[in-house]
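Below is run.cif, which holds mmCIF, C-alpha atoms.
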data_my_file
loop_
_atom_site.label_atom_id
_atom_site.label_comp_id
_atom_site.auth_asym_id
_atom_site.auth_seq_id
_atom_site.Cartn_x
_atom_site.Cartn_y
_atom_site.Cartn_z
CA MET A 1 85.24 35.52 114.51
CA ALA A 2 87.62 38.46 114.88
CA TYR A 3 86.55 41.48 112.85
CA ASP A 4 88.64 44.42 111.67
CA PHE A 5 86.05 46.80 113.11
CA ASP A 6 83.15 46.69 115.54
CA LEU A 7 81.27 49.20 113.37
CA PHE A 8 81.83 50.18 109.75
CA VAL A 9 79.87 53.24 108.65
CA ILE A 10 79.26 53.90 104.95
CA GLY A 11 78.69 57.64 104.54
CA ALA A 12 80.14 60.58 106.45
CA GLY A 13 77.02 62.71 106.53
CA SER A 14 75.33 63.97 109.65
CA GLY A 15 73.92 60.62 110.79
CA GLY A 16 76.96 58.56 109.90
CA VAL A 17 79.41 60.89 111.59
CA ARG A 18 77.28 61.07 114.74
CA ALA A 19 77.02 57.29 114.97
CA ALA A 20 80.73 56.81 114.32
CA ARG A 21 81.90 59.43 116.81
CA PHE A 22 79.77 58.23 119.66
CA ALA A 23 80.40 54.55 118.99
CA ALA A 24 84.12 55.26 119.13
CA GLY A 25 83.57 57.24 122.32
CA PHE A 26 81.86 54.19 123.80
CA GLY A 27 84.98 52.14 123.12
CA ALA A 28 84.13 50.58 119.76
CA LYS A 29 86.62 50.22 116.95
CA VAL A 30 85.04 52.24 114.12
CA ALA A 31 85.70 53.06 110.48
CA VAL A 32 83.90 55.50 108.18
CA ALA A 33 84.08 55.45 104.40
CA GLU A 34 83.13 58.50 102.33
CA SER A 35 83.60 58.96 98.59
CA ARG A 36 82.49 62.59 98.20
CA TYR A 37 82.53 65.16 100.98
CA LEU A 38 82.60 65.10 104.74
CA GLY A 39 79.39 66.35 106.30
CA GLY A 40 77.09 64.95 103.63
CA THR A 41 74.31 66.81 101.87
CA CYS A 42 73.53 69.16 104.76
CA VAL A 43 76.97 70.69 105.05
CA ASN A 44 77.93 70.70 101.38
CA VAL A 45 74.87 71.02 99.15
CA GLY A 46 71.98 71.35 101.59
CA CYS A 47 70.96 73.10 104.77
CA VAL A 48 74.14 75.06 105.49
CA PRO A 49 74.97 76.62 102.09
CA LYS A 50 71.27 77.11 101.42
CA LYS A 51 70.86 79.09 104.64
CA LEU A 52 73.89 81.21 103.72
CA LEU A 53 72.29 82.02 100.37
CA VAL A 54 68.99 82.79 102.13
CA TYR A 55 70.85 85.28 104.33
CA GLY A 56 72.31 86.83 101.20
CA ALA A 57 68.92 87.12 99.53
CA HIS A 58 67.39 88.64 102.67
CA VAL A 59 69.80 91.59 102.55
CA ALA A 60 67.59 93.07 99.82
CA ASP A 61 64.74 93.23 102.36
CA GLU A 62 66.94 94.98 104.90
CA LEU A 63 68.01 97.55 102.32
CA GLU A 64 64.39 98.19 101.34
CA GLN A 65 63.37 98.70 104.96
CA ALA A 66 66.32 100.95 105.81
CA ALA A 67 64.75 104.14 104.48
CA GLY A 68 61.94 103.90 107.01
CA PHE A 69 64.52 104.09 109.78
CA GLY A 70 66.24 107.17 108.37
CA TRP A 71 68.99 105.53 106.37
CA THR A 72 69.86 106.86 102.94
CA LEU A 73 71.80 104.26 101.02
CA GLU A 74 73.42 104.37 97.64
CA GLU A 75 72.09 101.84 95.17
CA GLY A 76 73.52 98.48 96.15
CA HIS A 77 75.29 96.03 93.88
CA PHE A 78 75.20 92.28 94.39
CA ASP A 79 78.07 90.06 93.28
CA TRP A 80 77.21 86.36 93.01
CA GLY A 81 80.85 85.32 92.72
CA THR A 82 81.74 86.88 96.07
CA LEU A 83 78.84 85.15 97.82
CA ILE A 84 79.71 81.75 96.36
CA ALA A 85 83.42 82.13 97.12
CA ASN A 86 82.69 83.06 100.72
CA LYS A 87 80.21 80.18 100.97
CA ASN A 88 82.81 77.76 99.62
CA ARG A 89 85.35 78.93 102.17
CA GLU A 90 82.89 78.29 105.00
CA ILE A 91 82.03 74.82 103.69
CA GLU A 92 85.73 73.95 103.48
CA ARG A 93 86.09 75.04 107.11
CA LEU A 94 83.20 72.79 108.13
CA ASN A 95 84.67 69.87 106.16
CA GLY A 96 87.81 70.26 108.26
CA ILE A 97 85.79 70.31 111.46
CA TYR A 98 84.04 67.07 110.50
CA ARG A 99 87.40 65.48 109.71
CA ASN A 100 88.78 66.52 113.08
CA LEU A 101 85.68 65.29 114.90
CA LEU A 102 86.14 61.84 113.40
CA VAL A 103 89.89 61.54 113.69
CA ASN A 104 90.03 62.96 117.20
CA SER A 105 87.38 60.45 118.25
CA GLY A 106 89.66 57.61 117.15
CA VAL A 107 87.66 56.76 114.03
CA THR A 108 89.48 55.36 110.99
CA LEU A 109 88.55 57.57 108.02
CA LEU A 110 88.67 55.94 104.60
CA GLN A 111 88.13 58.28 101.66
CA GLY A 112 86.80 56.17 98.82
CA HIS A 113 83.69 54.42 97.56
CA ALA A 114 82.53 51.64 99.87
CA ARG A 115 80.73 48.61 98.49
CA LEU A 116 79.21 45.74 100.42
CA THR A 117 80.69 42.38 99.46
CA GLY A 118 78.94 40.41 102.18
CA ALA A 119 76.90 40.74 105.34
CA ASN A 120 80.04 41.56 107.35
CA GLU A 121 82.43 42.75 104.64
CA VAL A 122 83.03 46.05 102.87
CA GLU A 123 85.38 46.85 100.00
CA VAL A 124 86.90 50.31 99.63
CA ASP A 125 89.09 50.94 96.59
CA GLY A 126 90.06 47.28 96.31
CA GLN A 127 90.78 46.81 100.02
CA ARG A 128 88.40 44.61 102.01
CA TYR A 129 87.44 45.13 105.64
CA THR A 130 85.32 43.05 107.97
CA ALA A 131 82.98 44.42 110.61
CA GLU A 132 80.59 42.98 113.18
CA HIS A 133 78.10 45.74 112.36
CA ILE A 134 77.76 47.79 109.18
CA LEU A 135 75.77 51.03 109.11
CA ILE A 136 74.48 52.43 105.81
CA ALA A 137 74.12 56.22 105.99
CA THR A 138 74.61 57.26 102.38
CA GLY A 139 71.81 59.83 102.26
CA GLY A 140 69.75 60.95 99.29
CA TRP A 141 70.25 62.38 95.82
CA PRO A 142 68.08 64.80 93.82
CA GLN A 143 66.23 63.37 90.86
CA VAL A 144 64.90 64.98 87.69
CA PRO A 145 61.93 63.48 85.79
CA ASP A 146 62.85 61.57 82.68
CA ILE A 147 61.82 64.14 80.06
CA PRO A 148 63.53 65.20 76.82
CA GLY A 149 66.21 67.72 77.69
CA LYS A 150 66.52 66.73 81.36
CA GLU A 151 70.30 67.03 81.06
CA LEU A 152 69.86 70.78 80.52
CA ALA A 153 68.30 71.23 83.96
CA ILE A 154 70.13 71.60 87.24
CA THR A 155 69.34 70.52 90.82
CA SER A 156 70.37 71.82 94.22
CA ASN A 157 73.69 69.98 93.81
CA GLU A 158 74.70 72.26 90.94
CA ALA A 159 72.95 75.44 92.08
CA PHE A 160 75.55 76.10 94.76
CA TYR A 161 78.33 76.18 92.18
CA LEU A 162 76.82 78.23 89.37
CA LYS A 163 79.44 80.54 87.87
CA ALA A 164 76.95 83.40 87.61
CA LEU A 165 73.48 84.25 88.83
CA PRO A 166 71.03 83.38 86.02
CA ARG A 167 68.97 86.30 84.79
CA ARG A 168 65.80 84.21 84.36
CA VAL A 169 65.07 81.08 86.39
CA LEU A 170 62.33 78.47 86.29
CA VAL A 171 62.10 76.56 89.57
CA VAL A 172 60.14 73.32 89.23
CA GLY A 173 58.64 71.63 92.27
CA GLY A 174 56.27 72.15 95.17
CA GLY A 175 58.29 71.05 98.18
CA TYR A 176 60.33 73.11 100.61
CA ILE A 177 63.50 72.99 98.50
CA ALA A 178 61.69 74.48 95.51
CA VAL A 179 60.08 77.21 97.60
CA GLU A 180 63.35 78.09 99.29
CA PHE A 181 65.38 78.31 96.08
CA ALA A 182 62.68 80.33 94.36
CA GLY A 183 63.06 82.85 97.18
CA ILE A 184 66.84 82.78 96.93
CA PHE A 185 66.96 83.39 93.18
CA GLN A 186 64.30 86.09 93.30
CA GLY A 187 65.81 87.77 96.36
CA LEU A 188 69.21 87.98 94.67
CA GLY A 189 67.71 89.62 91.61
CA ALA A 190 66.77 86.89 89.15
CA ASP A 191 63.45 86.96 87.31
CA THR A 192 61.98 83.83 88.89
CA SER A 193 58.96 81.61 88.24
CA LEU A 194 57.93 78.68 90.43
CA LEU A 195 56.11 75.90 88.58
CA TYR A 196 54.25 73.14 90.42
CA ARG A 197 52.06 70.46 88.90
CA GLY A 198 49.58 70.54 91.83
CA ASP A 199 47.03 73.08 93.01
CA LEU A 200 49.17 74.49 95.83
CA PHE A 201 52.71 73.93 97.05
CA LEU A 202 53.98 72.48 100.38
CA ARG A 203 51.65 69.50 100.51
CA GLY A 204 51.50 68.15 104.06
CA PHE A 205 51.92 71.55 105.72
CA ASP A 206 49.04 73.27 107.48
CA GLY A 207 46.51 74.70 105.05
CA SER A 208 46.62 78.17 106.59
CA VAL A 209 50.40 78.20 106.24
CA ARG A 210 50.26 77.21 102.58
CA THR A 211 47.67 79.80 101.57
CA HIS A 212 49.30 82.56 103.64
CA LEU A 213 52.73 81.96 102.13
CA LYS A 214 51.22 81.96 98.65
CA LYS A 215 49.78 85.44 99.23
CA GLU A 216 53.03 86.78 100.66
CA LEU A 217 55.13 85.41 97.79
CA GLU A 218 52.75 86.98 95.31
CA LYS A 219 53.10 90.32 97.11
CA ARG A 220 56.84 90.03 96.56
CA GLY A 221 56.31 89.56 92.85
CA LEU A 222 57.26 85.89 92.61
CA ASP A 223 55.57 84.32 89.58
CA LEU A 224 53.65 81.30 90.91
CA GLN A 225 52.33 78.88 88.31
CA PHE A 226 50.30 75.99 89.70
CA ASN A 227 48.93 73.04 87.71
CA ALA A 228 51.94 73.57 85.44
CA ASP A 229 54.39 70.89 84.39
CA ILE A 230 57.25 70.82 81.89
CA GLN A 231 57.04 68.36 79.01
CA ARG A 232 60.44 69.02 77.44
CA ILE A 233 63.43 71.38 77.57
CA ASP A 234 65.30 72.60 74.50
CA GLN A 235 68.37 74.80 74.17
CA LEU A 236 68.02 77.78 71.86
CA ASP A 237 70.73 79.21 69.61
CA ASP A 238 71.55 81.98 72.07
CA GLY A 239 72.15 79.45 74.87
CA SER A 240 68.89 80.09 76.69
CA LEU A 241 66.45 77.29 77.49
CA LYS A 242 62.92 76.84 76.21
CA ALA A 243 60.60 74.86 78.47
CA THR A 244 57.52 73.50 76.75
CA LEU A 245 54.72 72.87 79.22
CA LYS A 246 52.16 70.10 79.01
CA ASP A 247 49.47 72.69 78.37
CA GLY A 248 51.35 73.85 75.28
CA ARG A 249 52.80 77.07 76.67
CA GLU A 250 56.46 77.88 76.15
CA LEU A 251 58.66 79.62 78.73
CA VAL A 252 62.20 80.84 78.08
CA ALA A 253 64.80 81.04 80.84
CA ASP A 254 68.53 80.90 81.44
CA CYS A 255 68.25 78.19 84.08
CA VAL A 256 65.75 75.43 84.82
CA PHE A 257 66.10 74.26 88.41
CA TYR A 258 64.40 71.01 89.46
CA ALA A 259 63.43 70.24 93.05
CA THR A 260 61.02 67.39 92.44
CA GLY A 261 62.12 64.89 95.04
CA ARG A 262 65.11 62.91 96.20
CA ARG A 263 65.95 59.23 96.00
CA PRO A 264 68.03 57.09 98.37
CA MET A 265 71.68 57.02 97.29
CA LEU A 266 72.24 53.29 96.83
CA ASP A 267 74.28 53.34 93.61
CA ASN A 268 76.87 50.58 93.40
CA LEU A 269 76.45 49.86 97.10
CA GLY A 270 76.46 46.08 96.68
CA LEU A 271 73.15 45.42 98.40
CA GLU A 272 72.70 42.41 96.11
CA ASN A 273 75.55 40.75 98.04
CA THR A 274 73.58 40.91 101.27
CA GLY A 275 70.12 40.09 102.56
CA VAL A 276 69.14 43.76 102.67
CA GLU A 277 65.67 44.41 101.21
CA LEU A 278 64.07 47.59 99.91
CA ASP A 279 60.51 48.69 100.59
CA ALA A 280 57.91 49.51 97.92
CA ARG A 281 59.25 53.07 97.62
CA GLY A 282 62.84 51.97 97.06
CA TYR A 283 64.16 52.81 100.53
CA ILE A 284 66.05 50.36 102.73
CA ARG A 285 63.62 48.39 104.88
CA VAL A 286 64.45 48.62 108.59
CA ASP A 287 62.74 47.78 111.87
CA GLU A 288 62.29 50.11 114.84
CA GLN A 289 65.94 49.67 115.79
CA TYR A 290 67.21 50.46 112.26
CA GLN A 291 68.04 46.82 111.64
CA THR A 292 67.77 45.78 108.00
CA THR A 293 66.69 42.33 106.86
CA ALA A 294 70.37 41.38 107.12
CA PRO A 295 70.99 41.15 110.90
CA SER A 296 74.51 42.63 110.80
CA ILE A 297 73.55 45.64 108.67
CA LEU A 298 71.74 48.76 109.85
CA ALA A 299 70.59 51.90 108.05
CA ILE A 300 69.60 55.42 109.09
CA GLY A 301 68.81 58.80 107.61
CA ASP A 302 67.50 59.56 104.15
CA VAL A 303 68.10 56.00 102.87
CA ILE A 304 65.29 54.67 105.08
CA GLY A 305 62.79 57.33 103.97
CA ARG A 306 61.26 58.23 107.32
CA VAL A 307 61.69 61.87 108.34
CA GLN A 308 64.35 63.28 106.04
CA LEU A 309 65.81 66.00 108.24
CA THR A 310 69.38 66.43 109.45
CA PRO A 311 68.52 66.52 113.19
CA VAL A 312 66.52 63.31 112.77
CA ALA A 313 69.50 61.57 111.15
CA LEU A 314 71.64 62.78 114.06
CA ALA A 315 69.17 61.33 116.56
CA GLU A 316 69.04 58.03 114.67
CA GLY A 317 72.84 57.83 114.57
CA MET A 318 73.00 58.43 118.31
CA ALA A 319 70.35 55.76 118.92
CA VAL A 320 72.30 53.18 116.91
CA ALA A 321 75.57 53.92 118.71
CA ARG A 322 73.94 53.69 122.11
CA ARG A 323 71.99 50.51 121.42
CA LEU A 324 75.05 48.69 120.09
CA PHE A 325 77.74 49.92 122.44
CA LYS A 326 76.12 51.67 125.42
CA PRO A 327 72.72 49.97 125.83
CA GLU A 328 72.11 51.40 129.29
CA GLN A 329 71.86 54.84 127.64
CA TYR A 330 69.69 53.73 124.73
CA ARG A 331 66.52 55.68 124.04
CA PRO A 332 64.38 55.23 120.91
CA VAL A 333 63.96 58.24 118.64
CA ASP A 334 60.66 60.03 119.19
CA TYR A 335 59.26 61.05 115.81
CA GLN A 336 56.36 62.99 117.32
CA ASN A 337 56.40 66.79 117.47
CA ILE A 338 59.54 67.34 115.41
CA PRO A 339 60.01 71.10 114.86
CA THR A 340 60.94 72.12 111.36
CA ALA A 341 61.45 75.25 109.32
CA VAL A 342 61.19 76.23 105.68
CA PHE A 343 63.57 79.08 104.88
CA SER A 344 61.27 80.68 102.38
CA GLN A 345 60.87 84.45 102.34
CA PRO A 346 59.06 84.91 104.67
CA PRO A 347 60.08 81.71 106.49
CA ILE A 348 57.88 79.01 107.99
CA GLY A 349 58.23 77.41 111.41
CA THR A 350 56.04 74.50 112.43
CA VAL A 351 55.76 71.82 115.12
CA GLY A 352 53.07 69.29 115.90
CA LEU A 353 49.87 68.49 114.07
CA THR A 354 48.39 70.55 111.29
CA GLU A 355 44.72 71.42 111.54
CA GLU A 356 43.99 68.82 108.88
CA GLN A 357 45.98 66.11 110.67
CA ALA A 358 44.29 66.85 113.99
CA LEU A 359 40.83 66.54 112.46
CA GLU A 360 41.79 63.36 110.62
CA ALA A 361 43.04 61.88 113.90
CA GLY A 362 39.62 62.47 115.44
CA HIS A 363 40.39 65.46 117.64
CA LYS A 364 37.75 68.07 118.30
CA VAL A 365 39.84 71.17 117.73
CA GLN A 366 39.88 74.85 118.50
CA ILE A 367 41.87 77.02 116.13
CA PHE A 368 43.59 80.24 117.21
CA GLU A 369 44.96 82.35 114.36
CA SER A 370 46.52 85.78 114.23
CA ARG A 371 47.69 87.78 111.22
CA PHE A 372 49.50 91.03 111.78
CA ARG A 373 52.04 93.39 110.29
CA ALA A 374 55.34 93.07 112.12
CA MET A 375 56.42 96.03 114.25
CA LYS A 376 59.62 96.38 112.21
CA LEU A 377 57.56 97.14 109.10
CA THR A 378 55.38 99.87 110.62
CA LEU A 379 57.86 102.59 109.58
CA THR A 380 57.96 101.27 106.02
CA ASP A 381 55.50 100.84 103.17
CA ILE A 382 55.93 97.05 103.19
CA GLN A 383 52.62 95.26 103.72
CA GLU A 384 53.90 91.76 104.55
CA LYS A 385 51.92 90.02 107.28
CA THR A 386 52.95 87.39 109.80
CA LEU A 387 50.75 84.36 110.51
CA MET A 388 50.66 82.56 113.85
CA LYS A 389 48.39 79.61 114.53
CA LEU A 390 47.66 77.22 117.38
CA VAL A 391 45.77 73.95 116.98
CA VAL A 392 44.26 72.97 120.34
CA ASP A 393 42.37 69.88 121.47
CA ALA A 394 39.02 71.28 122.61
CA GLU A 395 38.49 68.48 125.15
CA THR A 396 41.92 68.23 126.82
CA ASP A 397 43.14 71.81 126.15
CA LYS A 398 46.42 70.31 124.93
CA VAL A 399 48.23 72.28 122.23
CA LEU A 400 48.53 69.91 119.28
CA GLY A 401 50.32 72.16 116.80
CA CYS A 402 52.04 75.53 116.43
CA HIS A 403 52.54 77.12 113.01
CA MET A 404 54.09 80.39 111.91
CA VAL A 405 54.92 82.27 108.72
CA GLY A 406 57.05 85.33 109.33
CA PRO A 407 60.50 86.62 110.32
CA ASP A 408 62.48 84.32 112.65
CA ALA A 409 59.81 81.61 112.48
CA GLY A 410 62.35 78.83 112.82
CA GLU A 411 63.98 80.43 115.85
CA ILE A 412 60.64 80.94 117.59
CA VAL A 413 59.20 77.50 116.88
CA GLN A 414 62.26 75.74 118.31
CA GLY A 415 61.23 76.86 121.79
CA LEU A 416 57.62 75.94 121.17
CA GLY A 417 58.79 72.45 120.25
CA ILE A 418 59.90 71.96 123.84
CA ALA A 419 56.48 73.06 125.08
CA LEU A 420 54.68 70.59 122.84
CA LYS A 421 57.09 67.80 123.76
CA ALA A 422 56.26 68.51 127.40
CA GLY A 423 52.51 68.34 126.66
CA ALA A 424 51.68 71.99 127.30
CA THR A 425 48.06 73.10 127.40
CA LYS A 426 46.53 76.26 125.98
CA GLN A 427 45.99 77.47 129.54
CA GLN A 428 49.73 77.15 130.19
CA PHE A 429 50.43 79.13 127.04
CA ASP A 430 47.95 81.77 128.25
CA GLU A 431 49.56 81.92 131.69
CA THR A 432 53.05 82.42 130.25
CA ILE A 433 54.07 86.06 130.30
CA GLY A 434 55.14 87.33 126.91
CA VAL A 435 58.37 89.06 125.97
CA HIS A 436 57.34 92.55 124.86
CA PRO A 437 57.55 93.91 122.24
CA THR A 438 58.19 90.82 120.14
CA ALA A 439 56.30 88.86 117.55
CA ALA A 440 56.80 85.69 119.61
CA GLU A 441 54.56 86.98 122.41
CA GLU A 442 51.57 86.57 120.10
CA PHE A 443 51.75 82.83 120.76
CA VAL A 444 50.90 83.44 124.43
CA THR A 445 48.39 86.24 123.94
CA MET A 446 45.98 84.68 121.42
CA ARG A 447 42.73 84.37 123.36
CA THR A 448 39.92 84.31 120.81
CA VAL A 449 38.98 81.08 119.04
CA THR A 450 39.07 81.69 115.29
CA ARG A 451 36.95 78.64 114.54
#

Output the file's structure as structure tokens, nothing else.
Amino acid sequence: MAYDFDLFVIGAGSGGVRAARFAAGFGAKVAVAESRYLGGTCVNVGCVPKKLLVYGAHVADELEQAAGFGWTLEEGHFDWGTLIANKNREIERLNGIYRNLLVNSGVTLLQGHARLTGANEVEVDGQRYTAEHILIATGGWPQVPDIPGKELAITSNEAFYLKALPRRVLVVGGGYIAVEFAGIFQGLGADTSLLYRGDLFLRGFDGSVRTHLKKELEKRGLDLQFNADIQRIDQLDDGSLKATLKDGRELVADCVFYATGRRPMLDNLGLENTGVELDARGYIRVDEQYQTTAPSILAIGDVIGRVQLTPVALAEGMAVARRLFKPEQYRPVDYQNIPTAVFSQPPIGTVGLTEEQALEAGHKVQIFESRFRAMKLTLTDIQEKTLMKLVVDAETDKVLGCHMVGPDAGEIVQGLGIALKAGATKQQFDETIGVHPTAAEEFVTMRTVTR
């Protein structure tokens, strides 16, 4: 059978664009359909704008530290509208870049909602197209618990387009998005509380990292409320919001921001017209080659619920393109030792196993930890401390995990990710000469076993 396209990609986010571009580069005839924005969550309402807002919030730290270096500054004034307008301009520029990447690669770009009408057929705005392979890369969507007044809350989707900075904010959630936005709102001047229904946020991260960040956020004056959950939200006569907690307490704010998880974006996708199955969590079921239970349909990224990170979606998109159209270059995605960062304030960088994971896996471990005040802060009154930690296999000397809380953590851990991928030992860390004076050198100068 002759198909209109060799590959039809639904979703122009990071993974979908990568798969489409490289498949086209390998000689395939490719189409991409996108109903919202080019670049997906990351570019539009995720990593990129969030990092820009983090930079904006961090300026307050720089201003506070300036006096220690001899600078006398007039009292600063922050304008939310300027930051958002500048952010929007940058996102529009990136949208254009994504468009050019696709079009210049020879990809047919269809702007409209795509719906599966069969195992090899897609409908976009009433027009039907056939394809030998269909790739679902529609990403995720934030979800708010079904409580009375949920429509009064916002998520990360809306936070980037607020007309004004709220004066009082309740951030609800214990994952990295909640922690990051709590830091953004507080850093920009809002009176911010972070509510989480568990004992401690960032479940799944190393225990030392979680407790250290908690202490540092408390030093900064962020109101942390654990074992706290909202039962209902009501709007008061003055427009403010009253959150009634399950323990009976009432909190009043101007904005209630939910970061309590994301779901796969499968709305009106037409999966019922195919043999595609979902797993118990509601994600698309795929095998190790991203094949769904319908042989002609594949899926990658947030819709399959594996590691929900932009670089992982990029790697999965590349793997699909290579396997289908350049098999001699195919390499499976390695999900081990994926470096990641949380752009909290201070930020987290981590790669490899946590101490808890290493012990659970049966390793006999040695832990190396260092806590110190960064050199930049020694001329100031700021008492923030950096944490660095190595998890080492006591029998093989292999470094199993590297964890950091402190300035530039993400930048530093990226390089350490290469070391762990290469199987570096603690001895090799010790024999690496440090860059002095930097915080990063602490990773190669820790000699004493903490426990």

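With distances restricted to all atoms listed in the file, A:Ile233 is the closest residue to Pro148 in chain A from A:Ile338, A:Ile233, A:Ile177, A:Ala23.
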
Evaluate the PyMOL selection byres ((chain A and resi 160) around 10) here and jot the selected residues down as a PDB file with C-alpha atoms, keeping the file's coordinate frame.
ATOM      1  CA  ASN A  44      77.930  70.700 101.380  1.00  0.00           C
ATOM      2  CA  VAL A  45      74.870  71.020  99.150  1.00  0.00           C
ATOM      3  CA  GLY A  46      71.980  71.350 101.590  1.00  0.00           C
ATOM      4  CA  PRO A  49      74.970  76.620 102.090  1.00  0.00           C
ATOM      5  CA  LYS A  50      71.270  77.110 101.420  1.00  0.00           C
ATOM      6  CA  LEU A  53      72.290  82.020 100.370  1.00  0.00           C
ATOM      7  CA  ILE A  84      79.710  81.750  96.360  1.00  0.00           C
ATOM      8  CA  LYS A  87      80.210  80.180 100.970  1.00  0.00           C
ATOM      9  CA  ASN A  88      82.810  77.760  99.620  1.00  0.00           C
ATOM     10  CA  THR A 155      69.340  70.520  90.820  1.00  0.00           C
ATOM     11  CA  SER A 156      70.370  71.820  94.220  1.00  0.00           C
ATOM     12  CA  ASN A 157      73.690  69.980  93.810  1.00  0.00           C
ATOM     13  CA  GLU A 158      74.700  72.260  90.940  1.00  0.00           C
ATOM     14  CA  ALA A 159      72.950  75.440  92.080  1.00  0.00           C
ATOM     15  CA  TYR A 161      78.330  76.180  92.180  1.00  0.00           C
ATOM     16  CA  LEU A 162      76.820  78.230  89.370  1.00  0.00           C
ATOM     17  CA  LYS A 163      79.440  80.540  87.870  1.00  0.00           C
TER      18      LYS A 163
END

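Note that the spacing between CA of Gly401 in chain A and CA of Glu355 in chain A amounts to 7.7 Å.
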
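Using all atoms listed in the file, the nearest neighbour of Gly13 in chain A within the list A:Cys42, A:Val286, A:Ile297, A:Leu379 is A:Cys42.
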
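Comparing the minimum interatomic distances between Tyr129 in chain A and each of A:Arg197, A:Arg18, A:Asp4, A:Gln186, counting only C-alpha atoms, we find that A:Asp4 sits nearest.
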
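Taken over the shown file, the PyMOL selection byres ((chain A and resi 423) around 12) identifies Gln336, Asn337, Gly352, Val392, Asp393, Thr396, Asp397, Lys398, Val399, Leu400, Gly401, Leu416, Gly417, Ile418, Ala419, Leu420, Lys421, Ala422, Ala424, Thr425, Lys426, Gln427, Gln428 and Phe429 of chain A.
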
Original post:
If I put a ball of radius 7 Å at (67.1, 60.9, 121.4) in the file's coordinates, which residues poke into it when counting all atoms listed in the file, written as a ChimeraX atom specification?
Top reply: /A:315,319,331-334

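Within 8 Å of the point (53.6, 76.1, 116.7), counting all atoms listed in the file, the protein and nucleic acid residues come to Gly349, Thr350, Val351, Gly352, Met388, Lys389, Leu390, Gly401, Cys402, His403, Met404, Val413, Leu416 and Gly417 of chain A.
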
Written selection (C-alpha atoms) as a CSV table (one decimal), in the frame of the given file:
chain,number,residue,atom,x,y,z
A,349,GLY,CA,58.2,77.4,111.4
A,350,THR,CA,56.0,74.5,112.4
A,351,VAL,CA,55.8,71.8,115.1
A,352,GLY,CA,53.1,69.3,115.9
A,388,MET,CA,50.7,82.6,113.8
A,389,LYS,CA,48.4,79.6,114.5
A,390,LEU,CA,47.7,77.2,117.4
A,401,GLY,CA,50.3,72.2,116.8
A,402,CYS,CA,52.0,75.5,116.4
A,403,HIS,CA,52.5,77.1,113.0
A,404,MET,CA,54.1,80.4,111.9
A,413,VAL,CA,59.2,77.5,116.9
A,416,LEU,CA,57.6,75.9,121.2
A,417,GLY,CA,58.8,72.4,120.2

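Between CA of Ile136 in chain A and CA of Val48 in chain A the interatomic distance comes to 22.6 Å.
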
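When CA of Leu298 in chain A is paired with CA of Arg99 in chain A, their separation reads 22.9 Å.
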